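The file coords.cif comes next; it holds mmCIF, C-alpha atoms.
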```cif
data_data
loop_
_atom_site.label_atom_id
_atom_site.label_comp_id
_atom_site.auth_asym_id
_atom_site.auth_seq_id
_atom_site.Cartn_x
_atom_site.Cartn_y
_atom_site.Cartn_z
CA MET B 1 25.34 47.86 -25.04
CA PHE B 2 22.91 46.25 -22.58
CA HIS B 3 20.42 45.51 -25.35
CA ARG B 4 23.11 43.94 -27.48
CA ALA B 5 24.25 41.70 -24.59
CA PHE B 6 20.65 40.70 -23.86
CA ALA B 7 20.06 39.88 -27.51
CA LEU B 8 23.19 37.74 -27.50
CA ILE B 9 22.05 35.84 -24.41
CA VAL B 10 18.63 35.22 -25.96
CA LEU B 11 20.22 34.13 -29.22
CA ALA B 12 22.61 31.78 -27.44
CA ALA B 13 19.83 30.30 -25.32
CA CYS B 14 17.77 29.92 -28.44
CA VAL B 15 20.53 28.09 -30.24
CA PHE B 16 21.18 25.70 -27.38
CA THR B 17 17.53 24.93 -26.57
CA GLY B 18 16.35 24.69 -30.13
CA CYS B 19 14.34 27.93 -30.24
CA SER B 20 11.27 25.77 -30.03
CA ASN B 21 7.84 26.97 -29.08
CA SER B 22 6.65 23.38 -28.82
CA PRO B 23 4.43 22.48 -25.90
CA THR B 24 6.18 21.49 -22.70
CA SER B 25 4.27 18.19 -22.60
CA ALA B 26 5.87 17.10 -25.87
CA LYS B 27 9.30 17.85 -24.45
CA ALA B 28 8.41 15.75 -21.45
CA ALA B 29 7.27 12.82 -23.58
CA VAL B 30 10.22 13.00 -25.95
CA LYS B 31 13.39 11.52 -24.52
CA ALA B 32 16.44 13.71 -24.02
CA GLU B 33 18.82 13.33 -26.96
CA LYS B 34 21.44 11.54 -24.85
CA ASP B 35 18.86 8.88 -23.91
CA ARG B 36 17.72 8.12 -27.44
CA LYS B 37 18.76 4.80 -28.93
CA PRO B 38 19.07 4.08 -32.64
CA ALA B 39 15.92 2.69 -34.23
CA PRO B 40 16.76 -0.73 -35.73
CA ASP B 41 16.96 -0.53 -39.49
CA PHE B 42 14.76 -2.76 -41.61
CA SER B 43 14.06 -3.47 -45.23
CA LEU B 44 10.49 -4.42 -46.11
CA LYS B 45 8.26 -4.23 -49.17
CA ASP B 46 5.37 -1.80 -49.21
CA ALA B 47 1.95 -2.44 -50.73
CA ASN B 48 3.31 -1.55 -54.18
CA GLY B 49 6.21 -3.98 -53.86
CA LYS B 50 8.75 -1.21 -53.39
CA THR B 51 11.50 -1.67 -50.83
CA VAL B 52 11.29 0.52 -47.76
CA LYS B 53 14.38 0.96 -45.61
CA LEU B 54 14.18 2.96 -42.43
CA SER B 55 17.72 4.20 -43.04
CA ASP B 56 16.49 5.90 -46.23
CA TYR B 57 14.51 8.23 -43.98
CA ARG B 58 17.55 9.60 -42.16
CA GLY B 59 17.11 13.37 -41.89
CA LYS B 60 13.36 13.03 -41.49
CA VAL B 61 11.16 12.67 -38.45
CA VAL B 62 9.42 9.29 -38.73
CA LEU B 63 6.36 7.98 -36.96
CA LEU B 64 6.70 4.19 -37.03
CA ASN B 65 3.40 2.57 -36.17
CA PHE B 66 2.93 -1.15 -35.49
CA TRP B 67 -0.72 -2.03 -36.06
CA ALA B 68 -3.10 -4.69 -37.37
CA THR B 69 -6.42 -4.74 -39.16
CA TRP B 70 -8.02 -6.55 -36.21
CA CYS B 71 -6.91 -3.89 -33.72
CA GLY B 72 -9.73 -1.52 -32.81
CA PRO B 73 -7.60 1.18 -31.15
CA CYS B 74 -5.31 1.17 -34.22
CA LYS B 75 -8.34 2.02 -36.36
CA ILE B 76 -8.87 5.24 -34.41
CA GLU B 77 -5.32 6.42 -35.06
CA ILE B 78 -5.29 5.85 -38.81
CA PRO B 79 -7.29 9.00 -39.74
CA TRP B 80 -4.93 11.02 -37.51
CA PHE B 81 -1.93 9.61 -39.31
CA ILE B 82 -3.54 10.36 -42.68
CA ASP B 83 -3.90 13.98 -41.49
CA PHE B 84 -0.30 14.13 -40.28
CA GLU B 85 0.97 12.75 -43.57
CA GLN B 86 -0.89 15.47 -45.46
CA GLN B 87 0.04 18.20 -43.02
CA TYR B 88 3.75 17.49 -42.56
CA LYS B 89 4.89 15.59 -45.65
CA ASP B 90 6.64 18.68 -46.98
CA ARG B 91 8.43 19.24 -43.70
CA ASP B 92 10.74 16.21 -43.65
CA PHE B 93 8.22 13.96 -41.99
CA ALA B 94 6.98 10.48 -42.85
CA ILE B 95 4.71 7.85 -41.40
CA LEU B 96 5.55 4.18 -41.82
CA GLY B 97 2.94 1.62 -40.82
CA ILE B 98 3.94 -1.95 -40.07
CA SER B 99 1.08 -4.40 -40.00
CA LEU B 100 1.37 -7.51 -37.86
CA ASP B 101 -1.54 -9.33 -39.49
CA ASP B 102 -0.92 -13.06 -39.67
CA ASP B 103 -2.34 -13.30 -43.17
CA GLY B 104 -0.30 -10.34 -44.40
CA TRP B 105 -1.39 -8.52 -47.53
CA GLU B 106 -4.57 -10.58 -47.88
CA SER B 107 -6.16 -8.52 -45.11
CA VAL B 108 -3.95 -5.47 -45.29
CA LYS B 109 -4.35 -4.46 -48.95
CA PRO B 110 -8.17 -4.20 -48.90
CA TYR B 111 -7.93 -2.37 -45.58
CA ILE B 112 -5.52 0.21 -47.03
CA GLU B 113 -7.90 0.82 -49.92
CA GLN B 114 -11.02 1.00 -47.76
CA ARG B 115 -9.46 3.47 -45.36
CA LYS B 116 -7.63 5.41 -48.10
CA ILE B 117 -4.35 5.23 -46.21
CA ASN B 118 -1.92 7.72 -47.77
CA TYR B 119 1.28 6.63 -46.04
CA ARG B 120 3.49 3.62 -46.66
CA ILE B 121 2.44 0.32 -45.16
CA MET B 122 4.56 -2.78 -44.82
CA VAL B 123 3.90 -6.22 -43.38
CA GLY B 124 6.16 -6.98 -40.44
CA ASN B 125 7.34 -10.17 -38.86
CA ASP B 126 8.42 -11.67 -35.55
CA GLU B 127 12.06 -10.76 -36.08
CA LEU B 128 11.30 -7.09 -36.57
CA SER B 129 8.99 -7.05 -33.55
CA GLN B 130 11.78 -8.52 -31.45
CA GLN B 131 14.26 -5.95 -32.76
CA TYR B 132 11.89 -3.27 -31.51
CA GLY B 133 11.88 -4.72 -28.01
CA GLY B 134 9.21 -7.37 -28.53
CA VAL B 135 6.13 -5.53 -29.67
CA ASP B 136 3.47 -7.37 -27.70
CA SER B 137 0.50 -5.05 -27.88
CA LEU B 138 -0.99 -2.89 -30.56
CA PRO B 139 -0.87 -0.12 -31.41
CA THR B 140 2.77 0.46 -30.55
CA THR B 141 4.31 3.56 -32.04
CA PHE B 142 7.88 4.81 -32.17
CA VAL B 143 8.58 8.45 -32.93
CA ILE B 144 12.00 8.64 -34.52
CA ASP B 145 14.11 11.79 -34.77
CA ARG B 146 16.04 13.06 -37.79
CA GLU B 147 19.14 11.14 -36.70
CA GLY B 148 17.26 7.84 -36.73
CA ARG B 149 16.97 7.61 -32.95
CA ILE B 150 13.88 6.62 -30.97
CA ALA B 151 12.61 9.80 -29.34
CA SER B 152 9.44 8.33 -27.82
CA ILE B 153 7.51 5.09 -27.58
CA HIS B 154 3.75 4.80 -27.17
CA ILE B 155 2.13 1.52 -26.26
CA GLY B 156 -1.62 1.63 -26.73
CA LEU B 157 -3.88 4.41 -27.83
CA VAL B 158 -2.79 7.97 -27.01
CA SER B 159 -4.30 11.25 -28.08
CA LYS B 160 -3.85 12.82 -31.49
CA SER B 161 -2.50 15.99 -29.88
CA GLU B 162 0.18 14.03 -28.04
CA TYR B 163 1.54 12.72 -31.33
CA GLN B 164 1.18 16.08 -32.99
CA ASP B 165 3.06 17.90 -30.24
CA GLU B 166 5.92 15.42 -30.45
CA ILE B 167 6.12 15.60 -34.23
CA VAL B 168 6.21 19.40 -34.15
CA HIS B 169 8.75 19.38 -31.35
CA LEU B 170 11.09 17.10 -33.30
CA LEU B 171 10.57 18.96 -36.57
CA GLU B 172 11.46 22.22 -34.87
CA ALA B 173 14.47 20.83 -33.06
CA PRO B 174 17.73 22.08 -34.54
CA ARG B 175 19.35 19.72 -36.98
CA ARG B 176 22.57 18.07 -35.89
CA GLY B 177 25.45 20.45 -36.55
CA THR B 178 23.23 23.51 -36.47
CA ASN B 179 24.06 24.33 -32.86
CA ARG B 180 27.78 24.10 -33.39
CA THR B 181 27.71 26.25 -36.50
CA ALA B 182 25.49 28.85 -34.88
CA ALA B 183 27.59 28.85 -31.72
CA ARG B 184 30.71 29.45 -33.79
CA GLY B 185 28.93 32.39 -35.41
CA ILE B 186 28.02 33.87 -32.03
CA LEU B 187 31.58 33.46 -30.74
CA ALA B 188 32.94 35.14 -33.83
CA PHE B 189 30.44 37.95 -33.36
CA VAL B 190 31.40 38.38 -29.68
CA ARG B 191 35.13 38.36 -30.53
CA ALA B 192 34.59 41.01 -33.21
CA GLU B 193 32.76 43.17 -30.68
CA MET N 1 3.07 -15.35 -36.25
CA LEU N 2 3.73 -13.63 -32.94
CA SER N 3 4.08 -15.07 -29.49
CA PHE N 4 3.09 -12.90 -26.61
CA GLY N 5 3.02 -12.92 -22.86
CA GLN N 6 -0.72 -12.95 -22.50
CA ASN N 7 -1.07 -16.29 -20.75
CA ASN N 8 -3.36 -14.93 -18.11
CA VAL N 9 -5.71 -12.90 -20.30
CA LEU N 10 -7.94 -15.89 -20.97
CA SER N 11 -8.06 -19.07 -19.00
CA VAL N 12 -9.93 -22.28 -19.68
CA THR N 13 -10.85 -24.65 -16.88
CA PRO N 14 -9.67 -28.10 -18.00
CA PRO N 15 -12.81 -30.11 -18.72
CA GLU N 16 -13.56 -33.04 -16.44
CA LYS N 17 -13.66 -36.54 -17.82
CA VAL N 18 -17.00 -37.45 -19.41
CA THR N 19 -18.50 -40.85 -19.95
CA ALA N 20 -20.36 -41.32 -23.21
CA LYS N 21 -22.32 -44.23 -24.58
CA ALA N 22 -21.64 -45.08 -28.20
CA GLY N 23 -24.49 -43.93 -30.44
CA THR N 24 -25.61 -41.10 -28.16
CA THR N 25 -25.12 -37.33 -28.10
CA ILE N 26 -23.33 -35.69 -25.22
CA GLU N 27 -22.95 -32.06 -24.20
CA VAL N 28 -19.72 -30.72 -22.80
CA LYS N 29 -19.42 -27.31 -21.19
CA LEU N 30 -16.17 -25.43 -21.37
CA SER N 31 -15.61 -22.75 -18.75
CA VAL N 32 -13.73 -19.70 -19.96
CA HIS N 33 -12.60 -16.70 -17.98
CA VAL N 34 -11.36 -13.39 -19.35
CA ARG N 35 -9.14 -11.25 -17.16
CA PRO N 36 -10.81 -8.09 -15.77
CA GLY N 37 -10.15 -5.06 -17.95
CA TYR N 38 -9.95 -7.17 -21.10
CA HIS N 39 -12.61 -8.26 -23.55
CA ILE N 40 -12.53 -10.77 -26.37
CA ASN N 41 -14.52 -10.64 -29.57
CA SER N 42 -17.56 -12.87 -29.63
CA ASN N 43 -17.97 -15.67 -32.17
CA GLN N 44 -19.77 -13.13 -34.36
CA PRO N 45 -17.86 -9.84 -34.08
CA SER N 46 -19.35 -6.53 -35.14
CA ASP N 47 -16.67 -5.78 -37.73
CA GLU N 48 -15.41 -7.96 -40.56
CA TYR N 49 -11.79 -7.37 -39.58
CA LEU N 50 -12.21 -8.42 -35.96
CA ILE N 51 -11.10 -11.93 -35.09
CA PRO N 52 -13.93 -14.10 -33.76
CA LEU N 53 -13.79 -16.44 -30.80
CA LYS N 54 -13.64 -19.93 -32.25
CA LEU N 55 -13.76 -23.27 -30.52
CA SER N 56 -12.83 -26.25 -32.66
CA TRP N 57 -12.52 -29.91 -31.77
CA ASP N 58 -10.89 -32.82 -33.50
CA PRO N 59 -12.86 -35.86 -32.39
CA GLY N 60 -11.36 -38.13 -35.05
CA SER N 61 -13.47 -41.23 -35.53
CA LEU N 62 -15.25 -40.85 -32.18
CA SER N 63 -17.94 -38.48 -33.37
CA GLY N 64 -19.27 -36.54 -36.31
CA ALA N 65 -18.63 -32.80 -36.59
CA PRO N 66 -19.29 -31.28 -33.15
CA THR N 67 -21.56 -28.27 -32.75
CA SER N 68 -20.50 -25.48 -30.42
CA LEU N 69 -23.07 -23.17 -28.86
CA TYR N 70 -21.73 -19.84 -27.73
CA PRO N 71 -23.45 -17.76 -25.05
CA LYS N 72 -25.16 -14.49 -25.89
CA PRO N 73 -22.46 -11.82 -26.18
CA SER N 74 -22.72 -8.40 -24.62
CA MET N 75 -22.69 -5.25 -26.67
CA GLU N 76 -20.11 -2.94 -25.16
CA LYS N 77 -19.05 0.53 -26.20
CA TYR N 78 -15.35 1.29 -26.00
CA SER N 79 -13.50 4.55 -26.45
CA PHE N 80 -11.97 3.30 -29.71
CA SER N 81 -15.21 2.14 -31.29
CA GLU N 82 -17.97 4.26 -32.74
CA LYS N 83 -20.50 1.45 -32.30
CA PRO N 84 -20.90 -1.07 -29.50
CA LEU N 85 -18.90 -4.24 -30.06
CA SER N 86 -20.07 -7.81 -29.66
CA VAL N 87 -17.79 -9.16 -26.94
CA TYR N 88 -17.36 -11.50 -24.00
CA THR N 89 -16.01 -10.38 -20.67
CA GLY N 90 -15.58 -12.14 -17.34
CA GLY N 91 -16.66 -15.76 -17.13
CA PHE N 92 -18.80 -17.68 -19.60
CA GLU N 93 -19.40 -21.19 -20.91
CA ILE N 94 -19.32 -22.67 -24.38
CA THR N 95 -21.34 -25.82 -24.87
CA THR N 96 -20.34 -28.42 -27.44
CA ARG N 97 -22.47 -31.34 -28.62
CA PHE N 98 -20.70 -34.48 -29.73
CA GLY N 99 -22.62 -37.20 -31.52
CA ILE N 100 -20.70 -40.28 -30.47
CA LYS N 101 -20.64 -42.82 -33.28
CA ASP N 102 -21.96 -46.37 -32.86
CA SER N 103 -18.64 -47.56 -34.16
CA ALA N 104 -16.62 -45.69 -31.51
CA SER N 105 -14.31 -48.07 -29.70
CA SER N 106 -15.00 -48.41 -26.02
CA GLY N 107 -12.40 -47.29 -23.53
CA PRO N 108 -10.63 -44.05 -22.60
CA ALA N 109 -9.84 -41.44 -25.23
CA THR N 110 -8.99 -37.78 -25.51
CA ILE N 111 -10.56 -35.26 -27.85
CA PRO N 112 -8.20 -32.38 -28.55
CA GLY N 113 -9.62 -28.92 -29.03
CA LYS N 114 -8.49 -25.40 -29.75
CA LEU N 115 -9.92 -22.11 -28.59
CA ARG N 116 -8.81 -19.15 -30.66
CA TYR N 117 -9.40 -15.68 -29.31
CA GLN N 118 -8.23 -12.13 -29.61
CA ALA N 119 -8.24 -9.83 -26.60
CA CYS N 120 -8.20 -6.07 -26.15
CA THR N 121 -8.52 -3.48 -23.44
CA ASP N 122 -9.97 -0.04 -23.96
CA ARG N 123 -6.57 1.17 -25.24
CA LEU N 124 -4.71 -1.73 -26.81
CA CYS N 125 -5.06 -5.14 -28.35
CA LEU N 126 -3.10 -8.34 -28.02
CA PRO N 127 -2.52 -10.60 -31.00
CA PRO N 128 -4.77 -13.61 -31.54
CA LYS N 129 -3.89 -16.63 -29.51
CA THR N 130 -4.92 -20.27 -29.47
CA VAL N 131 -5.39 -22.28 -26.29
CA GLU N 132 -5.03 -26.04 -26.56
CA ILE N 133 -7.68 -28.08 -24.76
CA GLN N 134 -7.90 -31.77 -23.96
CA LEU N 135 -11.25 -33.41 -23.29
CA PRO N 136 -10.87 -36.77 -21.54
CA ILE N 137 -13.68 -39.14 -22.50
CA GLU N 138 -14.63 -42.71 -21.65
CA ILE N 139 -16.65 -44.51 -24.32
CA VAL N 140 -18.90 -47.29 -23.11
CA LYS N 141 -21.03 -49.68 -25.14
#
```
Could you render the structure from this file as structure tokens?
Amino acid sequence: MFHRAFALIVLAACVFTGCSNSPTSAKAAVKAEKDRKPAPDFSLKDANGKTVKLSDYRGKVVLLNFWATWCGPCKIEIPWFIDFEQQYKDRDFAILGISLDDDGWESVKPYIEQRKINYRIMVGNDELSQQYGGVDSLPTTFVIDREGRIASIHIGLVSKSEYQDEIVHLLEAPRRGTNRTAARGILAFVRAE
Amino acid sequence: MLSFGQNNVLSVTPPEKVTAKAGTTIEVKLSVHVRPGYHINSNQPSDEYLIPLKLSWDPGSLSGAPTSLYPKPSMEKYSFSEKPLSVYTGGFEITTRFGIKDSASSGPATIPGKLRYQACTDRLCLPPKTVEIQLPIEIVK
């Protein structure tokens, strides 16, 4: 009886905290769900001319990176993002890069090819920067949760592990609706007992 | 494309009025100061994608094409770069030579100039910016 009660408590705690084994630092960097604001939607063309809408990524964790070819710190992050794209692409994760180069694709396309960037790149504009709070330094990166809300913002270069921890934390977080369904299951189980 | 609050990253001391005789060459020094903690790319950056410091003048009919002489840059290693970068930090001067034409009309004039730069710290970069400069000049015969 005691073991069953303990198991129930653990299960309930697990359901309500997300059962995550993510590092504590990632939890600290990621905003609490109630504090997350919706990421402004946008519609931009990628390097292949295909339309990219942020809203199409609902249900996925998205790392939205504002960068430019002339930005040295941005150059450091690109190989990390290439790794993340490879590592997590099958786990509902995507990276979207928005270049703020004045000359647009003229600089950006050769750069994508040289650096073998494997995630989608778009060319941004002033309006989009303003929608994201006035992006005034690069790199600026928004980590967006499955519900399309901004879970964390990084201005300037941070470590690869910091991004990785946050991505894993958000990927492992329960999907919306999961808690309620699981909680109903537990209650039904308790009532049956 | 973008406008940013980086007014104090680089400052240019407004040049004092110069007197130039028509048909001669004059040198004008422009004092530039970069805010501590920031660096700007030199006029010959280490990477093709980096934006160079560029001083340009529009002397109109007063002079031929001016020549700007940039100081020797320093080679600095930053955490984001594998190799040292060719940069300017702190205070420095750019010298420009104007060959005043014989035909230049005497009297006061202003030569407009532009200084384009792109600044970074060890962790982040600000978009390129252009500072407008006005060089007051008095042409005498």
Which chain B residues have any atom within 12 Å of an atom of chain N, and for each, what is the nearest pair of atoms with distance in Å to one decimal, counting all atoms listed in the file, rows sorted by chain and number, as a tab-separated table?
```
residue	atom	partner	partner_atom	distance
B:Phe66	CA	N:Cys125	CA	11.4
B:Trp67	CA	N:Cys125	CA	9.4
B:Ala68	CA	N:Pro127	CA	8.7
B:Thr69	CA	N:Tyr49	CA	6.0
B:Trp70	CA	N:Leu50	CA	4.6
B:Cys71	CA	N:Cys125	CA	5.8
B:Gly72	CA	N:Phe80	CA	6.2
B:Pro73	CA	N:Phe80	CA	5.1
B:Cys74	CA	N:Leu124	CA	8.0
B:Lys75	CA	N:Phe80	CA	7.7
B:Ile76	CA	N:Phe80	CA	6.0
B:Glu77	CA	N:Phe80	CA	9.1
B:Ile78	CA	N:Phe80	CA	11.6
B:Ser99	CA	N:Pro127	CA	11.5
B:Leu100	CA	N:Met1	CA	8.2
B:Asp101	CA	N:Met1	CA	8.2
B:Asp102	CA	N:Met1	CA	5.7
B:Asp103	CA	N:Met1	CA	9.0
B:Gly104	CA	N:Met1	CA	10.1
B:Glu106	CA	N:Tyr49	CA	11.5
B:Ser107	CA	N:Tyr49	CA	8.0
B:Val108	CA	N:Tyr49	CA	9.9
B:Pro110	CA	N:Tyr49	CA	10.5
B:Tyr111	CA	N:Tyr49	CA	8.7
B:Gln114	CA	N:Tyr49	CA	11.7
B:Val123	CA	N:Met1	CA	11.6
B:Gly124	CA	N:Met1	CA	9.9
B:Asn125	CA	N:Met1	CA	7.2
B:Asp126	CA	N:Leu2	CA	5.7
B:Glu127	CA	N:Leu2	CA	9.4
B:Leu128	CA	N:Leu2	CA	10.6
B:Ser129	CA	N:Leu2	CA	8.4
B:Gln130	CA	N:Leu2	CA	9.7
B:Gly134	CA	N:Phe4	CA	8.5
B:Val135	CA	N:Phe4	CA	8.5
B:Asp136	CA	N:Phe4	CA	5.6
B:Ser137	CA	N:Leu126	CA	4.9
B:Leu138	CA	N:Cys125	CA	5.1
B:Pro139	CA	N:Leu124	CA	6.2
B:Thr140	CA	N:Leu124	CA	8.6
B:Thr141	CA	N:Leu124	CA	11.7
B:His154	CA	N:Leu124	CA	10.7
B:Ile155	CA	N:Leu124	CA	7.6
B:Gly156	CA	N:Leu124	CA	4.6
B:Leu157	CA	N:Arg123	CA	4.9
B:Val158	CA	N:Arg123	CA	8.0
B:Ser159	CA	N:Arg123	CA	10.7
```
Once you have the residues from the selection above, write them out as a compact mmCIF listing (two decimals), in the coordinates of the input, restricted to C-alpha atoms.
```txt
# COMPACT_ATOMS: atom_id res chain seq x y z
CA PHE B 66 2.93 -1.15 -35.49
CA TRP B 67 -0.72 -2.03 -36.06
CA ALA B 68 -3.10 -4.69 -37.37
CA THR B 69 -6.42 -4.74 -39.16
CA TRP B 70 -8.02 -6.55 -36.21
CA CYS B 71 -6.91 -3.89 -33.72
CA GLY B 72 -9.73 -1.52 -32.81
CA PRO B 73 -7.60 1.18 -31.15
CA CYS B 74 -5.31 1.17 -34.22
CA LYS B 75 -8.34 2.02 -36.36
CA ILE B 76 -8.87 5.24 -34.41
CA GLU B 77 -5.32 6.42 -35.06
CA ILE B 78 -5.29 5.85 -38.81
CA SER B 99 1.08 -4.40 -40.00
CA LEU B 100 1.37 -7.51 -37.86
CA ASP B 101 -1.54 -9.33 -39.49
CA ASP B 102 -0.92 -13.06 -39.67
CA ASP B 103 -2.34 -13.30 -43.17
CA GLY B 104 -0.30 -10.34 -44.40
CA GLU B 106 -4.57 -10.58 -47.88
CA SER B 107 -6.16 -8.52 -45.11
CA VAL B 108 -3.95 -5.47 -45.29
CA PRO B 110 -8.17 -4.20 -48.90
CA TYR B 111 -7.93 -2.37 -45.58
CA GLN B 114 -11.02 1.00 -47.76
CA VAL B 123 3.90 -6.22 -43.38
CA GLY B 124 6.16 -6.98 -40.44
CA ASN B 125 7.34 -10.17 -38.86
CA ASP B 126 8.42 -11.67 -35.55
CA GLU B 127 12.06 -10.76 -36.08
CA LEU B 128 11.30 -7.09 -36.57
CA SER B 129 8.99 -7.05 -33.55
CA GLN B 130 11.78 -8.52 -31.45
CA GLY B 134 9.21 -7.37 -28.53
CA VAL B 135 6.13 -5.53 -29.67
CA ASP B 136 3.47 -7.37 -27.70
CA SER B 137 0.50 -5.05 -27.88
CA LEU B 138 -0.99 -2.89 -30.56
CA PRO B 139 -0.87 -0.12 -31.41
CA THR B 140 2.77 0.46 -30.55
CA THR B 141 4.31 3.56 -32.04
CA HIS B 154 3.75 4.80 -27.17
CA ILE B 155 2.13 1.52 -26.26
CA GLY B 156 -1.62 1.63 -26.73
CA LEU B 157 -3.88 4.41 -27.83
CA VAL B 158 -2.79 7.97 -27.01
CA SER B 159 -4.30 11.25 -28.08
```
Report as number ranges by chain the residues that result from applying the PyMOL selection byres ((chain N and resi 91-99) around 8) to the structure here.
-> N: 23-34, 63-71, 88-90, 100-101
Give as a list in words each residue that has an atom at most 7 Å from (10.8, 9.0, -43.1) in the file, counting all atoms listed in the file.
-> Leu54, Tyr57, Arg58, Lys60, Val61, Val62, Phe93, Ala94 and Ile95 of chain B
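Distance-wise, CA of Asp41 (chain B) and CA of Tyr132 (chain B) end up 9.8 Å apart.
From CA of Asp90 (chain B) back to CA of Pro174 (chain B), the distance works out to 17.0 Å.
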Return as a PyMOL selection string the set of residues that the PyMOL selection byres ((chain N and resi 110-113) around 8) yields on the displayed structure.
-> chain N and resi 55-60+108-109+114-115+132-137
With 4 Å on each side, where is the centre of the axis-aligned box around all listed atoms of region 88-97 of chain N, and how long are its edges in Å to one decimal, as JSON?
```
{"center_x": -19.0, "center_y": -20.9, "center_z": -22.9, "size_x": 14.9, "size_y": 29.0, "size_z": 19.5}
```
Is there a way to get, as number ranges by chain, all residues within 10 Å of the point (10.8, 8.1, -33.8) in file coordinates, counting all atoms listed in the file?
-> B: 30, 36-39, 60-65, 95, 141-153, 166-167, 170
Name the residues that the PyMOL selection byres ((chain N and resi 104) around 9) pulls out of this structure, and write them as a VMD selection string.
-> chain N and resid 22 to 23 61 to 63 100 to 103 105 to 106 139 to 141
CA of Lys83 (chain N) and CA of Pro36 (chain N), how far apart in Å?
->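 So the two atoms, CA of Pro36 (chain N) and CA of Lys83 (chain N), lie 21.4 Å apart.
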Could N, CA and C atoms be built for region 20-34 of chain N and written out as a compact mmCIF listing (two decimals), in the frame of the given file?
```
# COMPACT_ATOMS: atom_id res chain seq x y z
N ALA N 20 -19.39 -41.40 -22.12
CA ALA N 20 -20.36 -41.32 -23.21
C ALA N 20 -20.66 -42.72 -23.75
N LYS N 21 -21.93 -42.93 -24.01
CA LYS N 21 -22.32 -44.23 -24.58
C LYS N 21 -22.28 -44.11 -26.10
N ALA N 22 -21.71 -45.09 -26.73
CA ALA N 22 -21.64 -45.08 -28.20
C ALA N 22 -23.05 -44.95 -28.77
N GLY N 23 -23.19 -44.11 -29.79
CA GLY N 23 -24.49 -43.93 -30.44
C GLY N 23 -25.33 -42.84 -29.80
N THR N 24 -24.83 -42.16 -28.81
CA THR N 24 -25.61 -41.10 -28.16
C THR N 24 -24.94 -39.73 -28.40
N THR N 25 -25.67 -38.69 -27.99
CA THR N 25 -25.12 -37.33 -28.10
C THR N 25 -24.83 -36.82 -26.69
N ILE N 26 -23.68 -36.26 -26.53
CA ILE N 26 -23.33 -35.69 -25.22
C ILE N 26 -23.07 -34.19 -25.35
N GLU N 27 -23.25 -33.51 -24.24
CA GLU N 27 -22.95 -32.06 -24.20
C GLU N 27 -21.81 -31.83 -23.22
N VAL N 28 -20.87 -31.05 -23.66
CA VAL N 28 -19.72 -30.72 -22.80
C VAL N 28 -19.64 -29.21 -22.66
N LYS N 29 -19.54 -28.75 -21.42
CA LYS N 29 -19.42 -27.31 -21.19
C LYS N 29 -17.97 -26.96 -20.91
N LEU N 30 -17.54 -25.90 -21.57
CA LEU N 30 -16.17 -25.43 -21.37
C LEU N 30 -16.24 -24.08 -20.67
N SER N 31 -15.61 -24.01 -19.51
CA SER N 31 -15.61 -22.75 -18.75
C SER N 31 -14.44 -21.88 -19.13
N VAL N 32 -14.75 -20.65 -19.49
CA VAL N 32 -13.73 -19.70 -19.96
C VAL N 32 -13.79 -18.48 -19.07
N HIS N 33 -12.62 -17.92 -18.77
CA HIS N 33 -12.60 -16.70 -17.98
C HIS N 33 -11.65 -15.69 -18.60
N VAL N 34 -12.16 -14.48 -18.77
CA VAL N 34 -11.36 -13.39 -19.35
C VAL N 34 -10.93 -12.45 -18.22
```
